[in-house]
Amino acid sequence: MLTNFLSINTENSLITVIMALVLRYPICLFTLIVIFSLSNDNLCFSKAQSNWSPAGATWYGPPTGAGSDGGACGYQDAVEQAPFSSLVSAGGPSLFNSGNGCGACYQVKCMKNVNGACSENPVRVVITDECPGCVSESVHFDLSGTAFGAMAASGQANQLRNAGVLQIQYRRVECDYSGTNVVFVVDSGSNPYYFAVLIKFVEGDGNLAAVDLQQTSQSNTWLPMQHSWGAVWKLNSGSALAAPFSLRLTAAVSGETIVANNVIPAGWQAGQTYPSLVNF
């Protein structure tokens with residue numbers, strides 16, 4: 001609500017300024033359109049949150065479980081624990097997006113005119129897995145049993161789970177993990193020449209457009225990492241990397257960046273988890 005309020009007021013203020021400029025100076029309309037378009041880029045995500053779109057939904061795994069044990073994003077048993085808390089989903093090709101959609105958050109809901117067991121209340125879910133065969137609709141959520149049941153009215157979760165393919169409404173929303181910071185899990189195959197890391201609990205956009213690594217000994221150089229699979233990013237350096245490492249994350253939608261300074265310590269170990277002190 002606050003984000004939408006600020007976005008609306010920001011836009012209205014910009015319109016007022018532009019109108020004043022038009023009245024006072026002979027500025028060409030093309031220039032004004034360009035200025036408005038550039039300034040409006042950061043408003044797109046908050047506006048998109050108010051627009052519901054149709055999708056298909058099914059569920060998999062135990063009726064009150066988290067779907068699979070970790071899924072194709074690589075989050076492993078974190079999907080069952082807070083802050084994911086089993087409210088997760090496998091995405092069809094358009095949502096999973098070859099792993100680039102891992103971590104993105106959506107609200108889903110179903111309407112009573114579609115199924116009488118629906119509550120019509122939105123449920124926030126996180127993309128944590130892939131459903132490659134979910135192609136009957138352009139957008140499809142294969143929800144955990146927990147998430148699918150959460151769309152039901154009180155006491156009607158089991159009835160809703162018997163619906164088969166359910167037509168739902170969805171919208172992209174910001175991820176909010178109530179103050180949980182970004183966590184980095186070093187891939188088990190990492191070594192001094194190859195570094196890969198799973199990144200989870202990213203707030204805001206949830207998924208990432210880019211990750212860069214900085215060695216402490218080269219404080220002016222950021223090395224771009226490559227998206228490996230799921231929520232894992234990798235760097236083949238060709239020479240030994242000197243820890244500690246700082247990691248810079250770029251959000252997929254907003255383009256905002258944060259830096260986890262020296263989050264991977266000297267003497268890091270493959271398979272170990274390193275929590276950060278930052279989040280979006």
# chains A, B, ... in the order shown; residues from 1 in each chain; ligands from 1
call {"tool": "closest_atom_pairs", "arguments": {"of": "region 156-187 of chain A", "to": "region 109-112 of chain A", "cutoff": "12 Å", "atoms": "only C-alpha atoms", "output": "tab-separated table"}}
result
residue	atom	partner	partner_atom	distance
A:Leu160	CA	A:Cys110	CA	9.9
A:Ala163	CA	A:Cys110	CA	11.3
A:Val165	CA	A:Cys110	CA	11.6
A:Leu166	CA	A:Cys110	CA	7.9
A:Gln167	CA	A:Cys110	CA	7.0
A:Ile168	CA	A:Cys110	CA	4.6
A:Gln169	CA	A:Lys109	CA	5.4
A:Tyr170	CA	A:Lys109	CA	6.5
A:Arg171	CA	A:Lys109	CA	9.4
call {"tool": "write_last_selection", "arguments": {"atoms": "all heavy atoms", "output": "mmCIF file, in the first residue's frame"}}
result
data_model
loop_
_atom_site.group_PDB
_atom_site.id
_atom_site.type_symbol
_atom_site.label_atom_id
_atom_site.label_comp_id
_atom_site.auth_asym_id
_atom_site.auth_seq_id
_atom_site.Cartn_x
_atom_site.Cartn_y
_atom_site.Cartn_z
ATOM 1 N N LEU A 160 -10.814 -28.733 -2.150
ATOM 2 C CA LEU A 160 -10.195 -27.967 -3.229
ATOM 3 C C LEU A 160 -9.105 -28.779 -3.920
ATOM 4 O O LEU A 160 -8.934 -28.687 -5.144
ATOM 5 C CB LEU A 160 -9.621 -26.656 -2.690
ATOM 6 C CG LEU A 160 -9.086 -25.685 -3.753
ATOM 7 C CD1 LEU A 160 -10.210 -25.233 -4.680
ATOM 8 C CD2 LEU A 160 -8.413 -24.478 -3.107
ATOM 9 N N ALA A 163 -9.833 -30.757 -7.088
ATOM 10 C CA ALA A 163 -10.350 -30.005 -8.231
ATOM 11 C C ALA A 163 -9.679 -30.364 -9.543
ATOM 12 O O ALA A 163 -10.189 -30.013 -10.612
ATOM 13 C CB ALA A 163 -10.199 -28.507 -7.964
ATOM 14 N N VAL A 165 -7.115 -29.642 -12.435
ATOM 15 C CA VAL A 165 -6.533 -28.386 -12.896
ATOM 16 C C VAL A 165 -7.499 -27.262 -12.556
ATOM 17 O O VAL A 165 -8.650 -27.258 -12.984
ATOM 18 C CB VAL A 165 -6.251 -28.404 -14.412
ATOM 19 C CG1 VAL A 165 -5.670 -27.060 -14.856
ATOM 20 C CG2 VAL A 165 -5.287 -29.536 -14.761
ATOM 21 N N LEU A 166 -7.026 -26.305 -11.779
ATOM 22 C CA LEU A 166 -7.863 -25.209 -11.285
ATOM 23 C C LEU A 166 -7.468 -23.908 -11.978
ATOM 24 O O LEU A 166 -6.281 -23.587 -12.081
ATOM 25 C CB LEU A 166 -7.676 -25.076 -9.771
ATOM 26 C CG LEU A 166 -8.519 -24.030 -9.038
ATOM 27 C CD1 LEU A 166 -9.990 -24.415 -9.070
ATOM 28 C CD2 LEU A 166 -8.041 -23.901 -7.582
ATOM 29 N N GLN A 167 -8.448 -23.179 -12.441
ATOM 30 C CA GLN A 167 -8.183 -21.865 -13.023
ATOM 31 C C GLN A 167 -8.089 -20.839 -11.901
ATOM 32 O O GLN A 167 -9.013 -20.710 -11.093
ATOM 33 C CB GLN A 167 -9.278 -21.487 -14.018
ATOM 34 C CG GLN A 167 -9.348 -22.410 -15.230
ATOM 35 C CD GLN A 167 -8.017 -22.525 -15.954
ATOM 36 O OE1 GLN A 167 -7.425 -21.509 -16.346
ATOM 37 N NE2 GLN A 167 -7.539 -23.760 -16.143
ATOM 38 N N ILE A 168 -6.961 -20.137 -11.834
ATOM 39 C CA ILE A 168 -6.705 -19.199 -10.743
ATOM 40 C C ILE A 168 -6.348 -17.828 -11.304
ATOM 41 O O ILE A 168 -6.248 -17.626 -12.508
ATOM 42 C CB ILE A 168 -5.563 -19.693 -9.834
ATOM 43 C CG1 ILE A 168 -4.231 -19.738 -10.629
ATOM 44 C CG2 ILE A 168 -5.890 -21.059 -9.239
ATOM 45 C CD1 ILE A 168 -3.006 -19.922 -9.752
ATOM 46 N N GLN A 169 -6.161 -16.884 -10.392
ATOM 47 C CA GLN A 169 -5.637 -15.568 -10.704
ATOM 48 C C GLN A 169 -4.271 -15.431 -10.025
ATOM 49 O O GLN A 169 -4.071 -15.965 -8.929
ATOM 50 C CB GLN A 169 -6.582 -14.475 -10.203
ATOM 51 C CG GLN A 169 -7.970 -14.516 -10.822
ATOM 52 C CD GLN A 169 -7.958 -14.116 -12.277
ATOM 53 O OE1 GLN A 169 -7.390 -13.086 -12.644
ATOM 54 N NE2 GLN A 169 -8.583 -14.927 -13.128
ATOM 55 N N TYR A 170 -3.351 -14.716 -10.673
ATOM 56 C CA TYR A 170 -2.041 -14.530 -10.067
ATOM 57 C C TYR A 170 -1.526 -13.129 -10.361
ATOM 58 O O TYR A 170 -1.978 -12.459 -11.303
ATOM 59 C CB TYR A 170 -1.040 -15.575 -10.593
ATOM 60 C CG TYR A 170 -0.450 -15.215 -11.950
ATOM 61 C CD1 TYR A 170 0.818 -14.635 -12.047
ATOM 62 C CD2 TYR A 170 -1.159 -15.433 -13.131
ATOM 63 C CE1 TYR A 170 1.357 -14.298 -13.277
ATOM 64 C CE2 TYR A 170 -0.631 -15.098 -14.358
ATOM 65 C CZ TYR A 170 0.635 -14.531 -14.438
ATOM 66 O OH TYR A 170 1.161 -14.177 -15.649
ATOM 67 N N ARG A 171 -0.554 -12.684 -9.561
ATOM 68 C CA ARG A 171 0.159 -11.441 -9.839
ATOM 69 C C ARG A 171 1.531 -11.496 -9.194
ATOM 70 O O ARG A 171 1.725 -12.163 -8.167
ATOM 71 C CB ARG A 171 -0.603 -10.219 -9.341
ATOM 72 C CG ARG A 171 -0.815 -10.147 -7.835
ATOM 73 C CD ARG A 171 -1.623 -8.922 -7.466
ATOM 74 N NE ARG A 171 -1.855 -8.835 -6.026
ATOM 75 C CZ ARG A 171 -2.569 -7.864 -5.451
ATOM 76 N NH1 ARG A 171 -3.110 -6.919 -6.189
ATOM 77 N NH2 ARG A 171 -2.733 -7.849 -4.133
#
call {"tool": "residues_around", "arguments": {"residues": "Asn262 (chain A)", "least_positions_apart": "4", "cutoff": "9 Å", "atoms": "only C-alpha atoms", "output": "PyMOL selection string"}}
result
chain A and resi 214-216+243-247+266
call {"tool": "closest_residue", "arguments": {"among": "A:Ala78, A:Gly56, A:Ala260, A:Pro63", "to": "Val114 (chain A)", "atoms": "only C-alpha atoms"}}
result
A:Gly56
call {"tool": "atom_distance", "arguments": {"atom1": "CA of Pro224 (chain A)", "atom2": "CA of Gly179 (chain A)"}}
result
27.4 Å
call {"tool": "residues_around", "arguments": {"residues": "Gln272 (chain A)", "least_positions_apart": "4", "cutoff": "9 Å", "atoms": "only C-alpha atoms", "output": "list in words"}}
result
Phe184, Val185, Val186, Asp187, Ser188 and Trp268 of chain A
call {"tool": "residues_around", "arguments": {"residues": "Asn100 (chain A)", "least_positions_apart": "6", "cutoff": "12 Å", "atoms": "only C-alpha atoms", "output": "number ranges by chain"}}
result
A: 72-73, 91, 93-94, 127-130, 205-210, 226-233, 251-253
call {"tool": "select_by_dssp", "arguments": {"residues": "region 42-261 of chain A", "states": "strand (DSSP E)", "output": "PyMOL selection string"}}
result
chain A and resi 53-60+88-91+105-109+123-130+140-144+166-173+183-186+194-200+208-215+223-224+226-229+232-236+245-251+257-261
call {"tool": "atom_distance", "arguments": {"atom1": "CA of Gly149 (chain A)", "atom2": "CA of Ala82 (chain A)"}}
result
17.9 Å
call {"tool": "closest_atom_pairs", "arguments": {"of": "region 125-212 of chain A", "to": "region 83-88 of chain A", "cutoff": "7 Å", "atoms": "only C-alpha atoms", "output": "Markdown table"}}
result
| residue | atom | partner | partner_atom | distance |
| --- | --- | --- | --- | --- |
| A:Val125 | CA | A:Val88 | CA | 4.8 |
| A:Val126 | CA | A:Val88 | CA | 4.7 |
| A:Ile127 | CA | A:Val88 | CA | 6.0 |
| A:Thr128 | CA | A:Val88 | CA | 6.2 |
| A:Leu143 | CA | A:Val88 | CA | 6.3 |
| A:Ser144 | CA | A:Val88 | CA | 5.8 |
| A:Thr146 | CA | A:Leu87 | CA | 6.2 |
| A:Ala147 | CA | A:Leu87 | CA | 4.8 |
| A:Tyr177 | CA | A:Pro83 | CA | 5.9 |
call {"tool": "write_last_selection", "arguments": {"atoms": "all heavy atoms", "output": "CSV table (one decimal), in the first residue's frame"}}
result
chain,number,residue,atom,x,y,z
A,125,VAL,N,3.3,-17.2,-2.8
A,125,VAL,CA,4.2,-18.4,-3.0
A,125,VAL,C,5.5,-18.0,-3.7
A,125,VAL,O,5.6,-16.9,-4.3
A,125,VAL,CB,3.4,-19.5,-3.8
A,125,VAL,CG1,2.2,-19.9,-3.2
A,125,VAL,CG2,3.1,-18.9,-5.2
A,126,VAL,N,6.5,-18.8,-3.5
A,126,VAL,CA,7.8,-18.6,-4.1
A,126,VAL,C,8.1,-19.7,-5.1
A,126,VAL,O,7.8,-20.9,-4.9
A,126,VAL,CB,8.9,-18.6,-3.0
A,126,VAL,CG1,10.2,-18.3,-3.6
A,126,VAL,CG2,8.5,-17.7,-1.9
A,127,ILE,N,8.7,-19.3,-6.3
A,127,ILE,CA,9.1,-20.3,-7.2
A,127,ILE,C,10.3,-21.0,-6.8
A,127,ILE,O,11.4,-20.4,-6.6
A,127,ILE,CB,9.3,-19.7,-8.6
A,127,ILE,CG1,8.0,-19.0,-9.1
A,127,ILE,CG2,9.8,-20.8,-9.6
A,127,ILE,CD1,6.9,-20.0,-9.3
A,128,THR,N,10.2,-22.3,-6.5
A,128,THR,CA,11.3,-23.1,-6.0
A,128,THR,C,11.6,-24.4,-6.8
A,128,THR,O,12.6,-25.1,-6.6
A,128,THR,CB,11.1,-23.6,-4.6
A,128,THR,OG1,9.9,-24.4,-4.5
A,128,THR,CG2,10.9,-22.4,-3.6
A,143,LEU,N,1.6,-26.1,-7.6
A,143,LEU,CA,1.8,-25.7,-6.2
A,143,LEU,C,2.1,-26.8,-5.3
A,143,LEU,O,1.7,-28.0,-5.5
A,143,LEU,CB,0.5,-24.9,-5.7
A,143,LEU,CG,0.2,-23.6,-6.4
A,143,LEU,CD1,-1.3,-23.3,-6.2
A,143,LEU,CD2,1.0,-22.5,-6.0
A,144,SER,N,2.7,-26.5,-4.1
A,144,SER,CA,2.8,-27.5,-3.1
A,144,SER,C,1.4,-27.8,-2.6
A,144,SER,O,0.5,-27.0,-2.7
A,144,SER,CB,3.7,-27.0,-1.9
A,144,SER,OG,3.0,-25.9,-1.3
A,146,THR,N,0.5,-27.7,0.4
A,146,THR,CA,0.2,-26.7,1.4
A,146,THR,C,-0.3,-25.4,0.8
A,146,THR,O,-1.3,-24.8,1.2
A,146,THR,CB,1.5,-26.4,2.2
A,146,THR,OG1,1.9,-27.6,2.9
A,146,THR,CG2,1.2,-25.3,3.2
A,147,ALA,N,0.4,-25.0,-0.3
A,147,ALA,CA,0.0,-23.7,-0.9
A,147,ALA,C,-1.4,-23.9,-1.6
A,147,ALA,O,-2.2,-22.9,-1.6
A,147,ALA,CB,1.1,-23.3,-1.9
A,177,TYR,N,10.6,-11.5,3.6
A,177,TYR,CA,10.9,-12.6,4.6
A,177,TYR,C,11.1,-12.1,6.0
A,177,TYR,O,11.8,-12.7,6.8
A,177,TYR,CB,12.2,-13.3,4.1
A,177,TYR,CG,12.0,-13.9,2.7
A,177,TYR,CD1,12.8,-13.7,1.6
A,177,TYR,CD2,10.9,-14.8,2.5
A,177,TYR,CE1,12.6,-14.3,0.4
A,177,TYR,CE2,10.7,-15.4,1.3
A,177,TYR,CZ,11.6,-15.2,0.2
A,177,TYR,OH,11.4,-15.7,-1.0
call {"tool": "closest_residue", "arguments": {"among": "A:Ala57, A:Cys118, A:Val182, A:Ala153", "to": "Ile258 (chain A)", "atoms": "only C-alpha atoms"}}
result
A:Val182
call {"tool": "closest_residue", "arguments": {"among": "A:Phe141, A:Gly74, A:Asn115, A:Gln81", "to": "Thr58 (chain A)", "atoms": "only C-alpha atoms"}}
result
A:Phe141
call {"tool": "residues_around", "arguments": {"residues": "Glu203 (chain A)", "least_positions_apart": "6", "cutoff": "10 Å", "atoms": "only C-alpha atoms", "output": "NGL selection string"}}
result
:A and (103-105 or 174-182 or 251 or 278-280)
call {"tool": "atom_distance", "arguments": {"atom1": "CA of Gly189 (chain A)", "atom2": "CA of Asp212 (chain A)"}}
result
18.8 Å
